[in-house]
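What follows is a short report on a single structure.
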There are 2 protein chains.
Amino acid sequence: MPEFRPGTPDQDAYLEELVAAGLLVRTGVHGVYGRSGTFEKVRNGFDELVTRTAIPDEAEALRFPPVLPRHNLESTGYLKSFPHLAGTVFSFEGTEGQAAQMFEAASKHEDWSEHQHQTDLVLMPAACYPVYPAVAARGPLPEGGVTVDPGGAYVFRHEPSGDPARLQMFHMRELVRVAEPETVATWRDAWRDRAIDLLRGLGLDANFDVATDPFFGRRGRMMAASQKEQELKFEILVQIAGPEPTAVASFNYHQDHFASVYGIETSTGEVAHTACLGFGHERIVLALLKTHGLDPQAWPEDVREQLWPA
Amino acid sequence: MPEFRPGTPDQDAYLEELVAAGLLVRTGVHGVYGRSGTFEKVRNGFDELVTRTAIPDEAEALRFPPVLPRHNLESTGYLKSFPHLAGTVFSFEGTEGQAAQMFEAASKHEDWSEHQHQTDLVLMPAACYPVYPAVAARGPLPEGGVTVDPGGAYVFRHEPSGDPARLQMFHMRELVRVAEPETVATWRDAWRDRAIDLLRGLGLDANFDVATDPFFGRRGRMMAASQKEQELKFEILVQIAGPEPTAVASFNYHQDHFASVYGIETSTGEVAHTACLGFGHERIVLALLKTHGLDPQAWPEDVREQLWPA
């Protein structure tokens, strides 16, 4: 099992507060919680605020379930960068006798993994992953490229933690830009500024920073250094339950990586570039609850007005 | 791998029509598709119609991610009834050297399953599964029990098929009743009638029938016979792409099964009973598109008015 990261005392205390208030419900697994109607009202309000902010993008809505063809994960190099975070889907294939053995072991909470076999699906690592092959399948891009809105999609990261802001499955609200290199870079920079305005407008003490992905192992440290030097990733950070501020949004410029894997061409036949931005829904709700208190009814009027316009 | 069920010519043709109209997007895996904004508008409109219909239930909203603690699946007997449908989550635990081997095999689309190990999570088999332990953790029920609304939650069934109405991951909109036996039975029967009115009100040729779950193997045939005899499961069926009508909603009376597993007691200290109902979101959208045509803008005014009230 991957190392479980226990919560800090502050993180434990915040989780306990959220559970006591009924906003989160424990399931017995770290990083997997139920969410109350109040939590969801905030989450959906934020999602709709992003949608309104994105109106000028004229993005095409395209929604995918939280499973991705394994072939796509294999092709994109995800397992080179994040082997430790990936989740894969296994299933039963066997006889009635084997099913009976599997059930018996499982009933006693003993190991039944030998009866499970890898399927052609994995859990969704990021909301943008299924967008690239879908765009590629349409042929060359129209002039100016495309913007796709995969919505607030569930994604999986296998990193059990006591920090309520580090979930194993959470909603990532993404927007994806696929176009000529300059268009994509400009779009990402513009959204970085729009996003920080949006989050500060909700009363959050949001700051951005050049960031790196949590690449695996020693080789990963080199990948992170190169990513930072090229400023390929920005994050917006907010203090939630500390000790460090937590990333609540990220802005990623993939250059030609995904376009090369899937063969996405611009209208003039060049390899396209891609970028995406992602808001971590649950983290933003937790940041709002931490900042304004656990009762959204009592939040400042201007915050409520933005989340739930009359 | 479980037997892939190829689509019938009518099912293949309907899938092709949906893809050509941009309502569904192929991913390369059967039963896993992207959905367009139009598809989602219908799906969300239906979800909200169910929410409005359920107002008298005063249900408590409680939302869970599409992963369930493995311990719960093991405790409830799901693997006895449906070993073939379960999906389990595996992940990597190993050294940098093993990660490199895994990546290399995966890049060539070779077998890398030996590097994956079973986690303490499985995919959500039905939206009601996490509700029972959450209710149990609160202690004895209040008088009259509780009704919980787990929303339109993603669930997984490992049954790859060419039928566009048989998805591997789909939204199941459930409502769950936990209370005294008579209260639960009455609630289920009342909802069966409300649901058929609701679906017929949308112009669907909906009919109900006593049904059975797709239990596994020979022993499963006996379980199905007993379930049918006791009328524990009803379904509402609508013709989609044939040849038989497809179940778009189901109503399940579990008697004391889940309450016994988790120790849920009524206010008077008896073992509670439970029932749930589930609407298959995607199937209902597909039935509406089949019935009224692929352009929801052109649907009958009274159907549009119910899905998207002014």
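Residues in the structure tokens are numbered from 1 in each chain, the chains being A, B, ... in the order shown, and ligands are numbered from 1 in the order shown.
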Item to complete: Apply DSSP to the structure's backbone, then extract all residues of segment 5-148 of chain A labelled strand (DSSP E or B) and return them as a PyMOL selection string.
Response: chain A and resi 5+24-26+33-36+60-63+67-69+87-92+116-123+146-148
Could you dump the residues just selected with N, CA, C and O atoms as a compact mmCIF listing (two decimals), in the first residue's frame?
# COMPACT_ATOMS: atom_id res chain seq x y z
N ARG A 5 -0.48 9.10 4.65
CA ARG A 5 0.03 10.31 5.29
C ARG A 5 -0.94 10.75 6.38
O ARG A 5 -2.02 11.26 6.05
N LEU A 24 -19.27 16.52 6.10
CA LEU A 24 -18.64 15.31 5.55
C LEU A 24 -19.06 14.12 6.40
O LEU A 24 -19.35 14.26 7.58
N VAL A 25 -19.08 12.95 5.75
CA VAL A 25 -19.45 11.70 6.43
C VAL A 25 -18.31 10.71 6.22
O VAL A 25 -17.91 10.46 5.08
N ARG A 26 -17.78 10.16 7.29
CA ARG A 26 -16.69 9.17 7.17
C ARG A 26 -17.21 7.87 6.55
O ARG A 26 -18.35 7.47 6.80
N TYR A 33 -15.12 10.38 1.50
CA TYR A 33 -16.15 10.85 2.42
C TYR A 33 -17.47 11.07 1.67
O TYR A 33 -17.46 11.36 0.47
N GLY A 34 -18.57 10.97 2.41
CA GLY A 34 -19.85 11.44 1.90
C GLY A 34 -19.92 12.95 2.10
O GLY A 34 -19.23 13.51 2.95
N ARG A 35 -20.76 13.61 1.29
CA ARG A 35 -20.90 15.07 1.39
C ARG A 35 -22.38 15.42 1.59
O ARG A 35 -23.25 14.86 0.93
N SER A 36 -22.62 16.38 2.45
CA SER A 36 -24.01 16.75 2.75
C SER A 36 -24.60 17.62 1.64
O SER A 36 -23.88 18.13 0.77
N GLU A 60 -17.11 23.95 -25.69
CA GLU A 60 -18.03 22.86 -26.01
C GLU A 60 -18.11 21.92 -24.81
O GLU A 60 -17.09 21.38 -24.37
N ALA A 61 -19.31 21.70 -24.28
CA ALA A 61 -19.47 20.76 -23.16
C ALA A 61 -19.32 19.33 -23.65
O ALA A 61 -19.88 18.95 -24.69
N LEU A 62 -18.54 18.55 -22.93
CA LEU A 62 -18.31 17.14 -23.27
C LEU A 62 -18.02 16.44 -21.96
O LEU A 62 -17.04 16.77 -21.29
N ARG A 63 -18.87 15.50 -21.57
CA ARG A 63 -18.75 14.87 -20.25
C ARG A 63 -18.40 13.39 -20.38
O ARG A 63 -18.96 12.71 -21.23
N VAL A 67 -14.09 6.61 -15.73
CA VAL A 67 -13.18 5.55 -16.17
C VAL A 67 -12.66 5.90 -17.55
O VAL A 67 -13.37 6.49 -18.37
N LEU A 68 -11.40 5.56 -17.79
CA LEU A 68 -10.69 5.89 -19.03
C LEU A 68 -10.20 4.58 -19.64
O LEU A 68 -9.77 3.69 -18.90
N PRO A 69 -10.24 4.45 -20.97
CA PRO A 69 -9.64 3.25 -21.57
C PRO A 69 -8.18 3.12 -21.11
O PRO A 69 -7.43 4.08 -21.17
N GLY A 87 -5.02 4.52 -10.54
CA GLY A 87 -5.91 3.45 -10.09
C GLY A 87 -6.38 2.69 -11.31
O GLY A 87 -6.71 3.29 -12.34
N THR A 88 -6.39 1.37 -11.23
CA THR A 88 -6.81 0.57 -12.39
C THR A 88 -7.98 -0.32 -11.98
O THR A 88 -8.15 -0.65 -10.81
N VAL A 89 -8.79 -0.67 -12.96
CA VAL A 89 -10.02 -1.42 -12.68
C VAL A 89 -9.78 -2.90 -12.96
O VAL A 89 -9.41 -3.27 -14.08
N PHE A 90 -10.00 -3.71 -11.96
CA PHE A 90 -9.91 -5.16 -12.09
C PHE A 90 -11.31 -5.76 -11.92
O PHE A 90 -12.19 -5.13 -11.32
N SER A 91 -11.47 -6.96 -12.45
CA SER A 91 -12.78 -7.59 -12.38
C SER A 91 -12.62 -9.11 -12.38
O SER A 91 -11.53 -9.62 -12.56
N PHE A 92 -13.72 -9.80 -12.16
CA PHE A 92 -13.70 -11.26 -12.06
C PHE A 92 -13.87 -11.89 -13.43
O PHE A 92 -14.67 -11.44 -14.23
N GLN A 116 -9.12 -11.54 -9.30
CA GLN A 116 -9.41 -10.32 -10.05
C GLN A 116 -8.38 -10.13 -11.16
O GLN A 116 -7.18 -10.35 -10.94
N HIS A 117 -8.85 -9.72 -12.32
CA HIS A 117 -7.98 -9.57 -13.49
C HIS A 117 -8.13 -8.18 -14.08
O HIS A 117 -9.22 -7.61 -14.03
N GLN A 118 -7.05 -7.69 -14.63
CA GLN A 118 -7.07 -6.31 -15.14
C GLN A 118 -8.03 -6.19 -16.32
O GLN A 118 -8.01 -7.00 -17.24
N THR A 119 -8.87 -5.17 -16.29
CA THR A 119 -9.79 -4.91 -17.39
C THR A 119 -9.15 -3.89 -18.33
O THR A 119 -8.02 -3.45 -18.12
N ASP A 120 -9.89 -3.47 -19.34
CA ASP A 120 -9.37 -2.47 -20.26
C ASP A 120 -9.73 -1.05 -19.82
O ASP A 120 -9.71 -0.11 -20.62
N LEU A 121 -10.04 -0.88 -18.52
CA LEU A 121 -10.36 0.44 -17.98
C LEU A 121 -9.46 0.78 -16.80
O LEU A 121 -9.03 -0.10 -16.05
N VAL A 122 -9.19 2.07 -16.63
CA VAL A 122 -8.51 2.59 -15.44
C VAL A 122 -9.37 3.72 -14.89
O VAL A 122 -10.30 4.19 -15.56
N LEU A 123 -9.07 4.16 -13.68
CA LEU A 123 -9.80 5.31 -13.15
C LEU A 123 -9.27 6.58 -13.80
O LEU A 123 -8.09 6.67 -14.17
N VAL A 146 -10.03 24.74 -30.57
CA VAL A 146 -11.26 24.48 -29.81
C VAL A 146 -11.00 24.62 -28.31
O VAL A 146 -9.87 24.49 -27.84
N THR A 147 -12.08 24.91 -27.59
CA THR A 147 -12.06 24.89 -26.12
C THR A 147 -13.13 23.91 -25.69
O THR A 147 -14.27 23.99 -26.16
N VAL A 148 -12.76 22.99 -24.82
CA VAL A 148 -13.69 21.96 -24.37
C VAL A 148 -13.89 22.08 -22.86
O VAL A 148 -12.94 22.34 -22.12
Matching every Cα in sequence order between the two identical chains, what are the coordinates of chain B once fitted onto chain A? Write them as a CSV table (one decimal) with C-alpha atoms, in the first residue's frame.
chain,number,residue,atom,x,y,z
B,1,MET,CA,0.0,0.1,-0.1
B,2,PRO,CA,1.2,3.6,-0.6
B,3,GLU,CA,2.4,5.4,2.5
B,4,PHE,CA,-0.6,6.7,4.4
B,5,ARG,CA,0.0,10.3,5.3
B,6,PRO,CA,-1.5,11.0,8.7
B,7,GLY,CA,-3.2,14.4,9.2
B,8,THR,CA,-1.5,17.1,11.1
B,9,PRO,CA,-3.3,18.0,14.4
B,10,ASP,CA,-4.9,21.0,12.5
B,11,GLN,CA,-6.0,18.8,9.6
B,12,ASP,CA,-7.4,16.2,12.0
B,13,ALA,CA,-9.2,18.9,13.9
B,14,TYR,CA,-10.7,20.4,10.8
B,15,LEU,CA,-11.9,17.0,9.5
B,16,GLU,CA,-13.5,16.3,12.9
B,17,GLU,CA,-15.2,19.7,12.8
B,18,LEU,CA,-16.6,19.0,9.3
B,19,VAL,CA,-17.8,15.6,10.4
B,20,ALA,CA,-19.4,16.9,13.6
B,21,ALA,CA,-21.2,19.6,11.5
B,22,GLY,CA,-22.5,16.9,9.1
B,23,LEU,CA,-20.8,18.4,6.1
B,24,LEU,CA,-18.6,15.3,5.6
B,25,VAL,CA,-19.4,11.7,6.5
B,26,ARG,CA,-16.7,9.2,7.2
B,27,THR,CA,-16.7,5.9,5.2
B,28,GLY,CA,-13.9,4.1,7.0
B,29,VAL,CA,-11.3,4.9,4.2
B,30,HIS,CA,-9.1,7.9,4.4
B,31,GLY,CA,-9.8,10.4,1.7
B,32,VAL,CA,-13.2,9.0,0.8
B,33,TYR,CA,-16.2,10.9,2.4
B,34,GLY,CA,-19.8,11.4,1.9
B,35,ARG,CA,-20.9,15.1,1.4
B,36,SER,CA,-24.0,16.8,2.7
B,37,GLY,CA,-26.6,18.7,0.8
B,38,THR,CA,-25.1,22.0,2.1
B,39,PHE,CA,-21.6,20.9,1.0
B,40,GLU,CA,-23.0,20.1,-2.5
B,41,LYS,CA,-24.9,23.4,-2.6
B,42,VAL,CA,-21.6,25.3,-2.3
B,43,ARG,CA,-19.8,23.0,-4.7
B,44,ASN,CA,-22.5,23.4,-7.4
B,45,GLY,CA,-22.7,27.1,-6.8
B,46,PHE,CA,-19.0,27.4,-7.4
B,47,ASP,CA,-19.2,25.2,-10.5
B,48,GLU,CA,-21.9,27.5,-12.0
B,49,LEU,CA,-19.7,30.5,-11.2
B,50,VAL,CA,-16.9,29.0,-13.2
B,51,THR,CA,-19.4,28.3,-16.0
B,52,ARG,CA,-20.5,31.9,-16.1
B,53,THR,CA,-16.9,33.1,-16.0
B,54,ALA,CA,-16.2,30.9,-18.9
B,55,ILE,CA,-19.0,32.2,-21.2
B,56,PRO,CA,-16.5,34.1,-23.4
B,57,ASP,CA,-14.7,30.9,-24.1
B,58,GLU,CA,-17.7,29.4,-25.9
B,59,ALA,CA,-16.4,26.1,-24.8
B,60,GLU,CA,-18.0,22.9,-26.0
B,61,ALA,CA,-19.5,20.8,-23.2
B,62,LEU,CA,-18.3,17.1,-23.3
B,63,ARG,CA,-18.7,14.9,-20.3
B,64,PHE,CA,-17.0,11.5,-19.6
B,65,PRO,CA,-17.5,8.9,-16.9
B,66,PRO,CA,-14.7,8.5,-14.3
B,67,VAL,CA,-13.2,5.5,-16.2
B,68,LEU,CA,-10.7,5.9,-19.0
B,69,PRO,CA,-9.6,3.3,-21.6
B,70,ARG,CA,-6.4,1.7,-20.3
B,71,HIS,CA,-4.9,2.1,-23.7
B,72,ASN,CA,-5.1,5.9,-23.3
B,73,LEU,CA,-3.3,5.8,-20.0
B,74,GLU,CA,-0.6,3.6,-21.5
B,75,SER,CA,-0.1,5.9,-24.5
B,76,THR,CA,0.2,9.2,-22.6
B,77,GLY,CA,3.1,8.4,-20.3
B,78,TYR,CA,1.0,8.9,-17.1
B,79,LEU,CA,2.6,5.8,-15.6
B,80,LYS,CA,6.1,7.3,-16.2
B,81,SER,CA,5.2,10.4,-14.2
B,82,PHE,CA,2.7,9.2,-11.7
B,83,PRO,CA,2.8,5.4,-11.3
B,84,HIS,CA,2.0,5.8,-7.6
B,85,LEU,CA,-1.2,7.8,-8.2
B,86,ALA,CA,-2.9,5.6,-10.9
B,87,GLY,CA,-5.9,3.4,-10.1
B,88,THR,CA,-6.8,0.6,-12.4
B,89,VAL,CA,-10.0,-1.4,-12.7
B,90,PHE,CA,-9.9,-5.2,-12.1
B,91,SER,CA,-12.8,-7.6,-12.4
B,92,PHE,CA,-13.7,-11.3,-12.1
B,93,GLU,CA,-13.4,-13.8,-14.9
B,94,GLY,CA,-13.8,-17.3,-13.8
B,95,THR,CA,-16.0,-20.3,-13.1
B,96,GLU,CA,-18.8,-20.7,-10.6
B,97,GLY,CA,-16.4,-22.6,-8.4
B,98,GLN,CA,-13.9,-19.8,-8.4
B,99,ALA,CA,-16.6,-17.3,-7.7
B,100,ALA,CA,-17.6,-19.3,-4.7
B,101,GLN,CA,-14.0,-19.3,-3.4
B,102,MET,CA,-13.7,-15.6,-4.0
B,103,PHE,CA,-16.9,-14.9,-2.1
B,104,GLU,CA,-15.8,-17.1,0.8
B,105,ALA,CA,-12.4,-15.3,1.1
B,106,ALA,CA,-14.1,-11.9,0.8
B,107,SER,CA,-16.7,-12.7,3.4
B,108,LYS,CA,-13.9,-13.3,5.9
B,109,HIS,CA,-12.1,-10.1,4.7
B,110,GLU,CA,-9.2,-12.3,3.5
B,111,ASP,CA,-7.2,-11.7,0.3
B,112,TRP,CA,-9.3,-12.4,-2.8
B,113,SER,CA,-7.2,-10.5,-5.3
B,114,GLU,CA,-6.0,-13.6,-7.1
B,115,HIS,CA,-9.6,-13.8,-8.6
B,116,GLN,CA,-9.4,-10.3,-10.1
B,117,HIS,CA,-8.0,-9.6,-13.5
B,118,GLN,CA,-7.1,-6.3,-15.1
B,119,THR,CA,-9.8,-4.9,-17.4
B,120,ASP,CA,-9.4,-2.5,-20.3
B,121,LEU,CA,-10.4,0.4,-18.0
B,122,VAL,CA,-8.5,2.6,-15.4
B,123,LEU,CA,-9.8,5.3,-13.1
B,124,MET,CA,-9.8,8.8,-14.6
B,125,PRO,CA,-6.5,10.5,-13.7
B,126,ALA,CA,-7.6,14.0,-14.8
B,127,ALA,CA,-10.7,15.4,-16.4
B,128,CYS,CA,-8.9,16.4,-19.6
B,129,TYR,CA,-7.5,12.9,-20.5
B,130,PRO,CA,-10.5,11.7,-22.6
B,131,VAL,CA,-10.8,15.1,-24.3
B,132,TYR,CA,-7.6,14.8,-26.4
B,133,PRO,CA,-8.5,11.5,-28.3
B,134,ALA,CA,-12.1,12.8,-28.8
B,135,VAL,CA,-10.8,16.0,-30.4
B,136,ALA,CA,-8.2,14.1,-32.4
B,137,ALA,CA,-10.9,11.8,-33.9
B,138,ARG,CA,-12.5,14.7,-35.6
B,139,GLY,CA,-9.5,15.5,-37.8
B,140,PRO,CA,-7.6,18.8,-38.1
B,141,LEU,CA,-8.7,21.6,-35.8
B,142,PRO,CA,-10.9,24.5,-37.1
B,143,GLU,CA,-9.1,27.8,-37.3
B,144,GLY,CA,-8.4,29.1,-33.8
B,145,GLY,CA,-8.7,25.6,-32.3
B,146,VAL,CA,-11.3,24.5,-29.8
B,147,THR,CA,-12.1,24.9,-26.1
B,148,VAL,CA,-13.7,22.0,-24.4
B,149,ASP,CA,-15.5,22.0,-21.0
B,150,PRO,CA,-15.4,18.5,-19.4
B,151,GLY,CA,-17.3,19.8,-16.4
B,152,GLY,CA,-16.8,19.0,-12.8
B,153,ALA,CA,-15.6,15.4,-13.4
B,154,TYR,CA,-14.6,12.8,-10.8
B,155,VAL,CA,-10.9,12.0,-10.9
B,156,PHE,CA,-8.9,9.5,-8.8
B,157,ARG,CA,-5.5,9.8,-7.1
B,158,HIS,CA,-4.3,7.0,-4.9
B,159,GLU,CA,-2.9,9.0,-2.0
B,160,PRO,CA,-4.7,8.2,1.2
B,161,SER,CA,-4.2,11.0,3.7
B,162,GLY,CA,-5.6,12.3,6.9
B,163,ASP,CA,-5.8,15.8,5.4
B,164,PRO,CA,-9.5,16.4,4.5
B,165,ALA,CA,-8.2,18.5,1.5
B,166,ARG,CA,-6.5,15.5,0.0
B,167,LEU,CA,-9.1,13.1,-1.3
B,168,GLN,CA,-8.7,9.9,-3.3
B,169,MET,CA,-11.6,10.8,-5.5
B,170,PHE,CA,-12.7,14.4,-6.1
B,171,HIS,CA,-14.3,16.7,-8.6
B,172,MET,CA,-11.9,18.5,-10.9
B,173,ARG,CA,-13.6,21.3,-12.9
B,174,GLU,CA,-11.5,21.6,-16.0
B,175,LEU,CA,-11.4,23.7,-19.2
B,176,VAL,CA,-9.2,22.5,-22.0
B,177,ARG,CA,-7.7,24.5,-24.9
B,178,VAL,CA,-6.4,22.9,-28.1
B,179,ALA,CA,-5.0,25.2,-30.7
B,180,GLU,CA,-1.9,26.9,-32.1
B,181,PRO,CA,0.9,27.3,-29.6
B,182,GLU,CA,0.6,31.1,-29.0
B,183,THR,CA,-3.2,30.9,-28.7
B,184,VAL,CA,-2.9,28.2,-26.0
B,185,ALA,CA,-0.2,30.0,-24.0
B,186,THR,CA,-2.2,33.3,-24.1
B,187,TRP,CA,-5.4,31.5,-23.0
B,188,ARG,CA,-3.7,29.9,-20.1
B,189,ASP,CA,-2.2,33.1,-18.9
B,190,ALA,CA,-5.5,34.9,-19.2
B,191,TRP,CA,-7.3,32.3,-17.2
B,192,ARG,CA,-4.7,32.4,-14.5
B,193,ASP,CA,-5.6,36.0,-13.9
B,194,ARG,CA,-9.4,35.4,-14.2
B,195,ALA,CA,-9.1,32.5,-11.8
B,196,ILE,CA,-7.3,34.4,-9.1
B,197,ASP,CA,-9.8,37.3,-9.4
B,198,LEU,CA,-12.6,34.8,-9.1
B,199,LEU,CA,-11.2,33.2,-6.0
B,200,ARG,CA,-10.3,36.5,-4.3
B,201,GLY,CA,-13.7,37.7,-5.2
B,202,LEU,CA,-15.1,34.9,-3.0
B,203,GLY,CA,-13.0,36.2,0.0
B,204,LEU,CA,-10.2,33.7,-0.3
B,205,ASP,CA,-6.6,34.7,0.3
B,206,ALA,CA,-5.5,33.2,-3.0
B,207,ASN,CA,-2.0,33.5,-4.4
B,208,PHE,CA,-0.4,32.0,-7.4
B,209,ASP,CA,3.0,30.3,-7.8
B,210,VAL,CA,5.0,28.5,-10.4
B,211,ALA,CA,4.5,24.8,-9.5
B,212,THR,CA,5.5,21.2,-10.3
B,213,ASP,CA,3.6,18.0,-10.5
B,214,PRO,CA,4.2,15.3,-7.8
B,215,PHE,CA,6.4,13.2,-10.1
B,216,PHE,CA,7.5,9.8,-8.9
B,217,GLY,CA,11.0,8.9,-7.7
B,218,ARG,CA,14.4,10.3,-8.4
B,219,ARG,CA,13.9,10.7,-12.1
B,220,GLY,CA,10.7,12.6,-11.2
B,221,ARG,CA,12.8,15.3,-9.4
B,222,MET,CA,14.5,16.0,-12.7
B,223,MET,CA,11.2,16.2,-14.5
B,224,ALA,CA,9.9,18.6,-11.9
B,225,ALA,CA,13.0,20.8,-12.2
B,226,SER,CA,12.6,21.1,-16.0
B,227,GLN,CA,8.8,21.7,-15.6
B,228,LYS,CA,9.5,24.6,-13.2
B,229,GLU,CA,12.2,26.1,-15.3
B,230,GLN,CA,9.9,26.2,-18.3
B,231,GLU,CA,7.0,27.5,-16.2
B,232,LEU,CA,4.7,24.8,-17.5
B,233,LYS,CA,2.5,24.7,-14.4
B,234,PHE,CA,1.0,27.4,-12.2
B,235,GLU,CA,-1.1,26.8,-9.1
B,236,ILE,CA,-3.3,29.0,-7.0
B,237,LEU,CA,-2.9,28.3,-3.3
B,238,VAL,CA,-5.1,29.0,-0.4
B,239,GLN,CA,-4.6,28.2,3.3
B,240,ILE,CA,-7.0,25.5,4.3
B,241,ALA,CA,-6.0,23.4,7.3
B,242,GLY,CA,-2.3,24.1,6.9
B,243,PRO,CA,0.5,23.9,7.6
B,244,GLU,CA,1.3,25.0,4.0
B,245,PRO,CA,-1.3,26.6,1.7
B,246,THR,CA,-3.1,24.0,-0.5
B,247,ALA,CA,-3.3,24.2,-4.3
B,248,VAL,CA,-7.0,24.8,-5.3
B,249,ALA,CA,-6.5,25.4,-9.0
B,250,SER,CA,-3.8,24.6,-11.5
B,251,PHE,CA,-2.9,25.7,-15.0
B,252,ASN,CA,-0.9,23.4,-17.2
B,253,TYR,CA,0.7,23.9,-20.5
B,254,HIS,CA,1.5,20.6,-22.1
B,255,GLN,CA,3.1,22.0,-25.2
B,256,ASP,CA,2.7,19.3,-27.9
B,257,HIS,CA,2.6,16.3,-25.6
B,258,PHE,CA,-1.0,15.2,-25.9
B,259,ALA,CA,-1.3,16.5,-29.5
B,260,SER,CA,1.6,14.4,-30.5
B,261,VAL,CA,0.4,11.3,-28.8
B,262,TYR,CA,-3.0,11.5,-30.5
B,263,GLY,CA,-2.0,13.3,-33.7
B,264,ILE,CA,-4.0,16.5,-33.3
B,265,GLU,CA,-3.2,19.0,-36.1
B,266,THR,CA,-4.0,22.7,-36.4
B,267,SER,CA,-5.9,24.0,-39.4
B,268,THR,CA,-2.6,24.6,-41.1
B,269,GLY,CA,-1.3,21.1,-40.5
B,270,GLU,CA,1.1,21.8,-37.6
B,271,VAL,CA,1.1,19.8,-34.4
B,272,ALA,CA,-1.3,21.5,-32.0
B,273,HIS,CA,-0.5,22.6,-28.5
B,274,THR,CA,-2.7,22.0,-25.5
B,275,ALA,CA,-3.3,23.5,-22.0
B,276,CYS,CA,-5.8,22.9,-19.3
B,277,LEU,CA,-6.9,24.5,-16.1
B,278,GLY,CA,-8.5,22.7,-13.2
B,279,PHE,CA,-10.3,23.8,-10.1
B,280,GLY,CA,-10.4,21.4,-7.2
B,281,HIS,CA,-14.1,21.6,-6.2
B,282,GLU,CA,-13.9,20.0,-2.8
B,283,ARG,CA,-10.8,21.9,-1.9
B,284,ILE,CA,-12.4,25.2,-2.8
B,285,VAL,CA,-15.5,24.3,-0.7
B,286,LEU,CA,-13.2,23.4,2.2
B,287,ALA,CA,-11.4,26.7,1.8
B,288,LEU,CA,-14.6,28.7,1.8
B,289,LEU,CA,-15.9,26.8,4.9
B,290,LYS,CA,-12.6,27.5,6.6
B,291,THR,CA,-12.6,31.2,5.6
B,292,HIS,CA,-16.2,32.1,6.2
B,293,GLY,CA,-17.4,29.5,8.7
B,294,LEU,CA,-19.3,26.2,8.5
B,295,ASP,CA,-22.7,27.8,7.9
B,296,PRO,CA,-23.0,29.1,4.3
B,297,GLN,CA,-26.2,30.9,5.3
B,298,ALA,CA,-24.1,33.2,7.4
B,299,TRP,CA,-21.5,34.0,4.8
B,300,PRO,CA,-20.9,37.5,3.6
B,301,GLU,CA,-23.7,38.7,1.3
B,302,ASP,CA,-21.4,39.4,-1.7
B,303,VAL,CA,-20.0,35.9,-1.5
B,304,ARG,CA,-23.5,34.3,-1.4
B,305,GLU,CA,-24.6,36.6,-4.2
B,306,GLN,CA,-21.8,35.2,-6.5
B,307,LEU,CA,-22.4,31.6,-5.6
B,308,TRP,CA,-26.2,31.8,-5.7
B,309,PRO,CA,-27.2,34.8,-7.8
B,310,ALA,CA,-30.8,35.8,-7.3
Fill in: Which of segment 108-171 of chain B DSSP labels helix (DSSP H, G or I), written as a list in words
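Those in segment 108-171 of chain B that DSSP calls helix (DSSP H, G or I) are Ser113, Glu114, His115, Val131, Tyr132, Pro133, Ala134, Val135 and Ala136 of chain B.
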